[in-house]
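Student: Handing you a structure now.
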Amino acid sequence: MRKFFWLGAALMLVACVAWMVQADEAKQEEHAYIGSSSCKACHNQEAKGQQFTLWENSPHAHAYETLLNEESQKIAAEMGLEQPAAEAPECLKCHVTAWDAKPELLGKKYDQTEGVGCESCHGPAKDWKISHMRDVEKAMTQGMIHPDAELCKTCHNEESPTYKPFSWEKKWPPIAHPNPQNEDE
């Protein structure tokens with residue numbers, strides 16, 4: 001009888017842990033996007049290194065626009081895509097922030113034409129936008145990401161039809177946008 005009690009208790013514990021993991025994964029998927037323009041007010045200040053302007057003038061900010069040019073249309077045709085590059089999931093996944101997010105997770109300021117925006121690299125910001133100003137550690141628990149080479153390689157890889165070997169050491173400095181007030185941002 002005692003064995004059955006402990007077996008039952010163990011099964012309940014496993015079920016509870018599985019439910020908690022599943023709930024946590026679902027919660028992580030539910031972070032909402034607010035759009036890069038939501039970052040501009042703070043991250044375009046001179047004291048913060050005008051990070052927004054640095055992004056705005058970068059190729060990432062214009063990644064969606066590249067899908068509209070003739071070269072991208074040619075590549076899409078050569079790949080045998082059924083849709084134009086600017087509509088094809090194979091292209092959008094790397095050229096648009098939140099390309100496949102549920103519509104209810106896209107805030108009013110979200111705009112797919114902003115290309116690879118702040119939230120592509122730093123995570124959907126609705127839950128951490130305010131907290132990251134005071135507590136980066138807390139923001140990290142709310143979905144904020146500090147990008148690294150592995151994140152970059154989710155797009156900069158051999159799957160891309162225009163792939164060139166990727167080197168974090170060479171590619172990061174031209175797009176770096178440090179906050180002179182805080183090395184964590």
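In the structure tokens, the first chain shown is A, the next is B, and so on; residue numbers restart at 1 for each chain, and ligands run from 1 in the order shown.
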Pull the closest atom pair for each residue of stretch 60-142 of chain A that gets at most 12 Å from stretch 170-182 of chain A, along with the distance in Å to one decimal, counting only C-alpha atoms, ordering rows by chain and then ascending residue number, as a Markdown table.
Tutor:
| residue | atom | partner | partner_atom | distance |
| --- | --- | --- | --- | --- |
| A:His60 | CA | A:Ile175 | CA | 8.8 |
| A:Ala61 | CA | A:Ile175 | CA | 10.8 |
| A:Cys118 | CA | A:His177 | CA | 11.0 |
| A:Cys121 | CA | A:Ile175 | CA | 11.7 |
| A:His132 | CA | A:Asn182 | CA | 11.2 |
| A:Met133 | CA | A:Asn182 | CA | 9.9 |
| A:Arg134 | CA | A:Asn182 | CA | 10.9 |
| A:Asp135 | CA | A:Asn182 | CA | 11.5 |
| A:Val136 | CA | A:Asn182 | CA | 10.3 |
Student: Env of A:Met79: 10 Å cut, atoms = only C-alpha atoms, seq-sep filter 6 positions within chain, self excluded. Answer as an mmCIF file with C-alpha atoms, in the first residue's frame.
Tutor:
data_model
loop_
_atom_site.group_PDB
_atom_site.id
_atom_site.type_symbol
_atom_site.label_atom_id
_atom_site.label_comp_id
_atom_site.auth_asym_id
_atom_site.auth_seq_id
_atom_site.Cartn_x
_atom_site.Cartn_y
_atom_site.Cartn_z
ATOM 1 C CA GLN A 73 12.307 39.089 -56.587
ATOM 2 C CA GLU A 90 11.273 31.972 -46.069
ATOM 3 C CA PRO A 161 20.558 32.618 -50.510
#
Student: List every residue of stretch 6-183 of chain A that DSSP, applied to the backbone of this structure, places in strand (DSSP E or B), and write the result as a ChimeraX atom specification.
Tutor: /A:33,106,179,182
Student: Just the selected residues (N, CA and C atoms), exported as a tab-separated table (two decimals), in the first residue's frame, please.
Tutor:
chain	number	residue	atom	x	y	z
A	33	TYR	N	5.04	42.51	-28.72
A	33	TYR	CA	5.93	43.43	-29.44
A	33	TYR	C	5.34	44.83	-29.43
A	106	LEU	N	1.00	42.02	-31.37
A	106	LEU	CA	1.62	43.13	-32.08
A	106	LEU	C	0.97	44.43	-31.64
A	179	ASN	N	25.43	51.99	-24.97
A	179	ASN	CA	24.93	53.10	-24.17
A	179	ASN	C	26.10	53.56	-23.32
A	182	ASN	N	25.71	53.01	-19.61
A	182	ASN	CA	25.50	51.69	-19.04
A	182	ASN	C	25.98	50.63	-20.02
Student: Please return, as a PyMOL selection string, all residues of chain A that DSSP assigns to helix (DSSP H, G or I) on the basis of the backbone.
Tutor: chain A and resi 2-29+36-43+46-48+51-56+60-66+70-78+89-95+103-105+112-114+118-122+131-133+136-141+149-152+168-175
Student: Identify, on the basis of only C-alpha atoms, every residue whose closest approach to stretch 146-156 of chain A does not exceed 6 Å; exclude the query and any residue fewer than 6 positions from it along the same chain; express the result as number ranges by chain.
Tutor: A: 94, 121-122, 168
Student: So the first atom is atom CA of A:Ser38 and the second is atom CA of A:Lys109; what is the distance between them in Å, to one decimal place?
Tutor: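 That distance, rounded to one decimal, is 6.9 Å.
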Student: How many Å separate atom CA of A:Tyr110 from atom CA of A:Ser36?
Tutor: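 Straight-line distance from atom CA of A:Tyr110 to atom CA of A:Ser36 works out to 7.3 Å.
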Student: Env of stretch 111-113 of chain A: 8 Å cut, atoms = only C-alpha atoms, seq-sep filter 3 positions within chain, self excluded. Answer as a PyMOL selection string.
Tutor: chain A and resi 35+62+64-65+96-99
Student: How many Å lie between atom CA of A:Lys126 and atom CA of A:His31, rounded to one decimal?
Tutor: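 So the answer is 6.8 Å.
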Student: Which residues come within 8 Å of A:Met144, counting only C-alpha atoms, excluding same-chain residues fewer than 3 positions away, as a PyMOL selection string?
Tutor: chain A and resi 122-125+128+139-141
Student: Show which residues sit within 10 Å of A:Ala63, as JSON, numbers by chain. Count only C-alpha atoms, and ignore same-chain residues fewer than 3 positions away.
Tutor: {"A": [58, 59, 60, 66, 67, 68, 91, 92, 94, 95, 96, 97, 113, 114, 115, 116, 117]}
Student: Keeping C-alpha atoms for every residue in the selection just given, could you write it to a file as a compact mmCIF listing (two decimals), in the first residue's frame?
Tutor:
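Wrote it out as part-v3.txt, contents follow:
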# COMPACT_ATOMS: atom_id res chain seq x y z
CA SER A 58 21.83 50.35 -40.32
CA PRO A 59 21.09 47.64 -42.90
CA HIS A 60 18.93 45.88 -40.30
CA THR A 66 15.41 44.88 -49.57
CA LEU A 67 12.66 42.31 -50.13
CA LEU A 68 10.92 44.77 -52.45
CA CYS A 91 12.34 35.62 -46.45
CA LEU A 92 10.26 37.33 -43.78
CA CYS A 94 14.98 37.05 -41.24
CA HIS A 95 13.91 40.39 -42.71
CA VAL A 96 11.03 41.29 -40.37
CA THR A 97 10.71 41.48 -36.61
CA THR A 113 8.32 47.50 -42.59
CA GLU A 114 10.81 48.52 -39.90
CA GLY A 115 12.74 45.39 -40.86
CA VAL A 116 15.00 43.86 -38.25
CA GLY A 117 14.13 46.10 -35.36
Student: So, counting only C-alpha atoms, which residue among A:Ala76, A:Asp100, A:Gln50, A:Gly107 is closest to A:Ile34?
Tutor: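 The closest residue to A:Ile34 is A:Gly107.
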